[in-house]
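Text of data33.tsv, listed as TSV, C-alpha atoms:
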chain	number	residue	atom	x	y	z
T	151	MET	CA	0.00	0.00	0.00
T	152	PRO	CA	1.45	3.42	-0.92
T	153	THR	CA	2.71	5.66	1.84
T	154	GLN	CA	1.38	9.14	2.32
T	155	GLU	CA	4.81	10.68	1.62
T	156	LYS	CA	4.94	9.09	-1.83
T	157	GLN	CA	1.46	10.35	-2.67
T	158	LEU	CA	1.88	13.98	-1.59
T	159	ASP	CA	2.79	15.10	-5.09
T	160	PRO	CA	0.87	17.70	-7.13
T	161	ALA	CA	1.16	15.34	-10.12
T	162	LEU	CA	-1.42	13.16	-8.36
T	163	LEU	CA	-4.08	15.67	-9.37
T	164	ASP	CA	-2.98	16.04	-13.00
T	165	ALA	CA	-5.33	13.32	-14.27
T	166	VAL	CA	-8.24	14.23	-11.97
T	167	ASP	CA	-10.91	16.04	-13.96
T	168	VAL	CA	-12.12	18.27	-11.15
T	169	PHE	CA	-8.66	19.82	-10.71
T	170	GLY	CA	-7.86	19.87	-14.43
T	171	ASN	CA	-7.67	23.66	-14.82
T	172	LEU	CA	-5.62	24.42	-11.71
T	173	ASP	CA	-2.16	25.91	-12.04
T	174	PRO	CA	0.69	24.39	-10.01
T	175	ALA	CA	0.07	26.78	-7.11
T	176	GLY	CA	-3.59	25.81	-7.06
T	177	LYS	CA	-2.75	22.12	-6.98
T	178	ASP	CA	-0.33	22.71	-4.12
T	179	GLU	CA	-3.09	24.53	-2.25
T	180	ALA	CA	-5.59	21.74	-2.94
T	181	LEU	CA	-3.19	19.07	-1.67
T	182	ALA	CA	-2.34	21.10	1.43
T	183	ALA	CA	-6.06	21.25	2.28
T	184	ALA	CA	-6.63	17.52	1.82
T	185	HIS	CA	-6.64	14.71	4.36
T	186	TRP	CA	-5.78	11.06	3.85
T	187	ARG	CA	-8.17	8.22	4.42
T	188	LYS	CA	-7.33	4.55	4.34
T	189	LEU	CA	-10.16	2.13	3.57
T	190	GLU	CA	-9.81	-1.56	4.36
T	191	THR	CA	-11.48	-4.08	2.06
T	192	GLY	CA	-15.19	-4.00	2.77
T	193	GLU	CA	-15.06	-0.67	4.61
T	194	ARG	CA	-17.53	2.02	3.56
T	195	ALA	CA	-16.33	5.52	2.74
T	196	PHE	CA	-19.91	6.74	3.12
T	197	GLU	CA	-23.44	5.38	2.98
T	198	GLN	CA	-26.51	6.17	0.91
T	199	ASP	CA	-28.52	9.11	2.31
T	200	GLN	CA	-25.70	10.04	4.71
T	201	GLU	CA	-24.89	13.74	4.89
T	202	ALA	CA	-22.49	14.61	2.05
T	203	ASP	CA	-19.73	16.01	4.24
T	204	ALA	CA	-16.66	15.18	2.14
T	205	PHE	CA	-15.40	14.76	-1.42
T	206	TYR	CA	-12.69	12.27	-2.41
T	207	VAL	CA	-10.16	11.29	-5.06
T	208	LEU	CA	-9.06	7.67	-5.02
T	209	SER	CA	-5.27	7.34	-4.95
T	210	ALA	CA	-4.96	3.55	-4.93
T	211	GLY	CA	-7.32	0.57	-4.76
T	212	ARG	CA	-10.86	0.10	-6.04
T	213	LEU	CA	-14.33	1.02	-4.75
T	214	LYS	CA	-17.85	0.18	-5.80
T	215	VAL	CA	-20.79	2.55	-5.51
T	216	THR	CA	-24.13	0.92	-4.82
T	217	GLN	CA	-27.73	2.03	-4.36
T	218	VAL	CA	-30.66	0.33	-2.68
T	219	THR	CA	-33.87	0.76	-4.67
T	220	PRO	CA	-37.23	1.53	-3.03
T	221	GLU	CA	-38.01	-2.18	-3.51
T	222	GLY	CA	-34.95	-3.10	-1.44
T	223	GLN	CA	-32.78	-4.37	-4.31
T	224	GLU	CA	-29.10	-3.42	-4.20
T	225	ILE	CA	-27.59	-2.42	-7.53
T	226	ILE	CA	-24.03	-1.43	-8.43
T	227	ILE	CA	-23.95	2.03	-9.98
T	228	ARG	CA	-20.27	2.09	-10.88
T	229	TYR	CA	-16.76	1.12	-9.88
T	230	ILE	CA	-14.21	3.77	-8.93
T	231	GLY	CA	-10.54	3.37	-9.88
T	232	PRO	CA	-7.36	5.33	-9.11
T	233	LYS	CA	-7.49	9.08	-9.88
T	234	GLU	CA	-11.29	9.00	-10.11
T	235	MET	CA	-13.56	11.13	-7.95
T	236	PHE	CA	-16.35	10.01	-5.67
T	237	GLY	CA	-18.67	11.91	-3.37
T	238	CYS	CA	-18.97	14.66	-6.00
T	239	VAL	CA	-22.27	15.91	-4.58
T	240	ALA	CA	-20.29	17.55	-1.76
T	241	VAL	CA	-18.83	19.91	-4.38
T	242	CYS	CA	-22.07	20.59	-6.23
T	243	GLY	CA	-24.37	21.41	-3.32
T	244	GLY	CA	-26.04	18.04	-2.78
T	245	LEU	CA	-27.10	17.43	0.80
T	246	THR	CA	-26.77	13.62	0.94
T	247	TYR	CA	-24.84	10.92	-0.88
T	248	PRO	CA	-27.01	9.14	-3.48
T	249	GLY	CA	-25.19	5.84	-2.98
T	250	THR	CA	-22.83	3.83	-0.76
T	251	ALA	CA	-19.10	3.67	-1.59
T	252	THR	CA	-17.39	0.47	-0.41
T	253	ALA	CA	-13.75	-0.56	-0.79
T	254	VAL	CA	-13.38	-3.65	-2.99
T	255	THR	CA	-9.67	-3.83	-2.15
T	256	ASP	CA	-7.56	-2.01	0.44
T	257	SER	CA	-7.60	1.59	-0.75
T	258	TRP	CA	-6.23	5.06	-0.10
T	259	ALA	CA	-8.21	8.22	-0.83
T	260	LEU	CA	-7.53	11.94	-0.60
T	261	GLY	CA	-10.46	13.76	0.97
T	262	TRP	CA	-11.66	17.30	1.35
T	263	THR	CA	-14.36	18.32	3.79
T	264	ARG	CA	-17.44	19.99	2.36
T	265	ALA	CA	-16.30	23.32	3.81
T	266	THR	CA	-12.76	22.95	2.48
T	267	ILE	CA	-13.73	22.00	-1.06
T	268	GLY	CA	-16.28	24.83	-1.01
T	269	GLU	CA	-13.58	27.34	-0.14
T	270	LEU	CA	-11.33	25.97	-2.88
T	271	ALA	CA	-14.21	26.20	-5.39
T	272	GLN	CA	-14.73	29.84	-4.49
T	273	THR	CA	-11.07	30.56	-5.20
T	274	TYR	CA	-11.00	28.30	-8.27
T	275	PRO	CA	-14.53	28.23	-9.81
T	276	GLY	CA	-13.42	25.62	-12.35
T	277	ILE	CA	-13.48	22.99	-9.59
T	278	ALA	CA	-17.27	23.14	-9.26
T	279	LEU	CA	-17.77	23.36	-13.02
T	280	ASN	CA	-15.56	20.33	-13.65
T	281	ALA	CA	-17.34	18.36	-10.92
T	282	MET	CA	-20.71	19.12	-12.52
T	283	ARG	CA	-19.41	17.99	-15.91
T	284	THR	CA	-18.20	14.74	-14.40
T	285	MET	CA	-21.54	14.16	-12.71
T	286	GLY	CA	-23.29	14.91	-16.01
T	287	GLY	CA	-21.18	12.31	-17.80
T	288	ARG	CA	-21.89	9.72	-15.13
T	289	LEU	CA	-25.60	10.48	-15.33
T	290	GLN	CA	-25.51	9.81	-19.08
T	291	ASP	CA	-23.76	6.51	-18.43
T	292	THR	CA	-26.40	5.56	-15.85
T	293	GLN	CA	-29.18	6.46	-18.28
T	294	SER	CA	-27.58	4.25	-20.94
T	295	ARG	CA	-27.47	1.35	-18.49
T	296	LEU	CA	-31.11	1.89	-17.52
T	297	ARG	CA	-32.03	1.85	-21.21
T	298	GLU	CA	-30.15	-1.44	-21.61
T	299	MET	CA	-32.02	-2.94	-18.67
T	300	GLN	CA	-35.37	-1.93	-20.14
T	301	THR	CA	-34.76	-2.89	-23.76
T	302	GLU	CA	-32.04	-5.55	-24.03
T	303	ARG	CA	-32.22	-9.25	-23.37
T	304	VAL	CA	-30.29	-10.31	-20.30
T	305	GLU	CA	-27.35	-11.95	-22.12
T	306	ARG	CA	-26.54	-8.68	-23.86
T	307	ARG	CA	-26.80	-6.75	-20.57
T	308	ILE	CA	-24.34	-9.11	-18.91
T	309	ALA	CA	-21.95	-8.81	-21.86
T	310	HIS	CA	-22.15	-5.01	-21.74
T	311	GLY	CA	-21.50	-5.03	-18.00
T	312	ILE	CA	-18.42	-7.23	-18.33
T	313	ALA	CA	-17.17	-5.12	-21.25
T	314	ARG	CA	-17.36	-2.04	-19.02
T	315	LEU	CA	-15.36	-3.81	-16.31
T	316	VAL	CA	-12.73	-4.77	-18.89
T	317	ALA	CA	-12.52	-1.16	-20.07
T	318	GLN	CA	-12.15	0.09	-16.49
T	319	ALA	CA	-9.77	-2.51	-15.08
T	320	GLY	CA	-8.77	-5.03	-17.73
T	321	ARG	CA	-5.22	-6.36	-17.56
T	322	ARG	CA	-3.77	-8.53	-20.31
T	323	VAL	CA	-2.65	-11.92	-19.10
T	324	GLU	CA	-1.70	-15.09	-20.91
T	325	GLY	CA	-4.75	-16.19	-22.88
T	326	GLY	CA	-7.04	-13.25	-22.23
T	327	ILE	CA	-7.92	-10.12	-20.28
T	328	LEU	CA	-8.28	-10.36	-16.50
T	329	ILE	CA	-10.58	-7.98	-14.62
T	330	ASP	CA	-7.98	-6.79	-12.15
T	331	PHE	CA	-9.99	-6.69	-8.93
T	332	PRO	CA	-12.24	-9.15	-7.09
T	333	VAL	CA	-15.61	-9.47	-8.82
T	334	SER	CA	-18.22	-12.07	-7.95
T	335	ARG	CA	-21.20	-13.35	-9.88
T	336	GLN	CA	-23.41	-11.52	-7.40
T	337	ASP	CA	-21.54	-8.30	-8.26
T	338	ILE	CA	-22.27	-8.84	-11.95
T	339	ALA	CA	-25.93	-9.52	-11.15
T	340	GLU	CA	-26.15	-6.24	-9.22
T	341	LEU	CA	-24.31	-4.41	-12.00
T	342	THR	CA	-26.65	-5.63	-14.74
T	343	GLY	CA	-29.98	-5.71	-12.92
T	344	THR	CA	-30.52	-9.46	-13.07
T	345	THR	CA	-30.37	-12.45	-10.73
T	346	LEU	CA	-27.45	-14.47	-9.42
T	347	HIS	CA	-28.95	-17.61	-10.97
T	348	THR	CA	-29.15	-16.01	-14.41
T	349	VAL	CA	-25.60	-14.68	-14.24
T	350	SER	CA	-24.24	-18.05	-13.08
T	351	ARG	CA	-26.05	-19.91	-15.85
T	352	THR	CA	-24.93	-17.42	-18.51
T	353	LEU	CA	-21.28	-17.31	-17.44
T	354	SER	CA	-21.11	-21.11	-17.21
T	355	ALA	CA	-22.41	-21.36	-20.78
T	356	TRP	CA	-19.87	-18.78	-21.94
T	357	GLN	CA	-17.07	-20.67	-20.19
T	358	GLU	CA	-18.01	-23.83	-22.09
T	359	ARG	CA	-17.78	-21.82	-25.33
T	360	GLY	CA	-14.38	-20.36	-24.37
T	361	VAL	CA	-15.60	-16.78	-24.04
T	362	VAL	CA	-14.65	-16.41	-20.37
T	363	GLU	CA	-12.82	-18.28	-17.64
T	364	LEU	CA	-14.25	-18.23	-14.13
T	365	GLY	CA	-12.38	-18.31	-10.82
T	366	ARG	CA	-13.12	-17.47	-7.21
T	367	GLN	CA	-14.04	-13.79	-7.51
T	368	LYS	CA	-11.99	-13.72	-10.72
T	369	LEU	CA	-13.11	-13.31	-14.28
T	370	THR	CA	-10.93	-13.54	-17.37
T	371	VAL	CA	-12.27	-12.74	-20.83
T	372	ARG	CA	-10.70	-15.35	-23.10
T	373	ASP	CA	-12.36	-14.23	-26.32
T	374	PRO	CA	-12.99	-10.45	-26.33
T	375	HIS	CA	-14.37	-10.54	-29.86
T	376	ALA	CA	-17.00	-13.10	-28.90
T	377	LEU	CA	-18.01	-10.88	-25.96
T	378	VAL	CA	-18.48	-7.94	-28.35
T	379	VAL	CA	-20.56	-10.11	-30.68
T	380	ILE	CA	-22.88	-10.96	-27.79
T	381	ALA	CA	-23.02	-7.38	-26.43
T	382	GLU	CA	-23.82	-5.84	-29.80
T	383	ASP	CA	-26.01	-8.72	-30.98
T	384	LEU	CA	-23.90	-9.19	-34.11
T	385	PRO	CA	-24.41	-12.13	-36.48
T	386	LEU	CA	-22.12	-15.08	-35.89
T	387	LYS	CA	-19.66	-15.82	-38.66
T	388	GLU	CA	-20.10	-19.15	-40.39

When written as structure tokens, how does the structure in this file appear?
Amino acid sequence: MPTQEKQLDPALLDAVDVFGNLDPAGKDEALAAAHWRKLETGERAFEQDQEADAFYVLSAGRLKVTQVTPEGQEIIIRYIGPKEMFGCVAVCGGLTYPGTATAVTDSWALGWTRATIGELAQTYPGIALNAMRTMGGRLQDTQSRLREMQTERVERRIAHGIARLVAQAGRRVEGGILIDFPVSRQDIAELTGTTLHTVSRTLSAWQERGVVELGRQKLTVRDPHALVVIAEDLPLKE
């Protein structure tokens, strides 16, 4: 796990959208105002409907953001990787967090209290504007997923969900692309709005066809092209 000393570098913020327009002095000021938070695997950074009292940038590790629907079903909204923001509502005036952020692996995050990030945004208005743009992009992604859930058959939804995980955290290994953090079949069910039974049956069928390889909380895509064919409902080649 990285030490704090190694991470206290203005370059950490270079790839973070919300701080994208800051000059070097501004980045130094932002880092000086931040606090570190270590999250053990399974620990929650915040919970749904909790007061939005802090904003974070993930330095190392992986988090998942979940929501519980009015019907009591838990769904995964997104995964957060290094140099991505979470808790953005604290920058944009939201009163409570819309979801729960949980560490999938041991993680480090830089945090700013609501008051601190508000003061920074007053000095550097681009911070709030960039945060709103990021939230807008994530809202579009969520709307696309909702459209998939309403209009696509379940096999395509599962393929799209796995393709997103590959894009976010795929690592090339011998014979395929490994999703480089623990992911269970239940996680995929919550990500794609289906049941554990359906995901298990679908992935087992794909494993028999050589599309994926399953392990204990591990998933390797053996045939990325076949996954795309399923996701986009393309005709199979003779």

(message) At a cut-off of 8 Å around the point (-25.0, -1.8, -4.5) (file coordinates), what residues fall inside when counting all atoms listed in the file? I'd like the answer as a PyMOL selection string.
(response) chain T and resi 214-218+224-227+249-250+340-341

*asked:* With only C-alpha atoms as the counted atoms, please give the residues lying no more than 8 Å from range 380-385 of chain T, apart from itself and same-chain residues fewer than 3 positions off, as a list in words.
replied: Glu305, Arg306, Arg307, Ile308, Ala309, His310, Ala376 and Leu377 of chain T

Worksheet entry | Pick from T:Gly276, T:Gly237, T:Pro248, T:Gly222 nearest to Gly261 in chain T, counting all atoms listed in the file |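 Smallest separation from Gly261 in chain T among the options: T:Gly237.
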
Legend entry - Point (-8.3, 7.6, -7.0), cut-off 7 Å, counting all atoms listed in the file, residues as a ChimeraX atom specification: /T:207-210,231-235,259

**Asked** Using all atoms listed in the file, which of the listed residues (T:Val166, T:Val323, T:Glu363, T:Gly243) sits closest to Ala271 in chain T?
**Response**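 Nearest candidate to Ala271 in chain T out of T:Val166, T:Val323, T:Glu363, T:Gly243: T:Gly243.
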
With distances taken over only C-alpha atoms, which residue among T:Thr219, T:Trp258, T:Arg228, T:Leu163 lies nearest Asp291 in chain T?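 Once distances to Asp291 in chain T are computed over only C-alpha atoms, the minimum belongs to T:Arg228.
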
Which residue of T:Thr348, T:Val371, T:Pro220, T:Arg303 approaches Glu324 in chain T most closely, using all atoms listed in the file: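 Of T:Thr348, T:Val371, T:Pro220, T:Arg303, the one nearest Glu324 in chain T, counting all atoms listed in the file, is T:Val371.
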
Give me, as a count of residues only, all polymer residues having an atom no more than 12 Å from Phe169 in chain T, counting all atoms listed in the file and skipping those fewer than 3 positions away in the same chain. 35

Non-local contacts of Arg283 in chain T (9 Å; only C-alpha atoms; under 5 positions in same chain excluded) as a JSON list (two decimals) with C-alpha atoms, in the frame of the given file:
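around-v2.json was written with the following content:
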[["chain", "number", "residue", "atom", "x", "y", "z"],
["T", 167, "ASP", "CA", -10.91, 16.04, -13.96],
["T", 168, "VAL", "CA", -12.12, 18.27, -11.15],
["T", 278, "ALA", "CA", -17.27, 23.14, -9.26],
["T", 288, "ARG", "CA", -21.89, 9.72, -15.13]]

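Interatomic distance, CA of His185 in chain T to CA of Asp203 in chain T: 13.2 Å.
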
* Asked: Between CA of His375 in chain T and CA of Ile312 in chain T, what is the spacing in Å?
  ->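 Computed distance, CA of Ile312 in chain T to CA of His375 in chain T, equals 12.7 Å.
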
Measuring between all atoms listed in the file, which one of T:Arg335, T:Leu346, T:Ala253, T:Thr273 shows the shortest distance to Arg366 in chain T?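 Closest to Arg366 in chain T, using all atoms listed in the file: T:Arg335.
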
task = Have a look at CA of Met282 in chain T and CA of Phe236 in chain T and let me know their distance in Å, one decimal.
result =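 Rounded to one decimal, the two atoms are 12.2 Å apart.
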
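Across T:Gly192, T:Gly286, T:Gly365, T:Gly325, the tightest approach to Gly211 in chain T is made by T:Gly192 when counting all atoms listed in the file.
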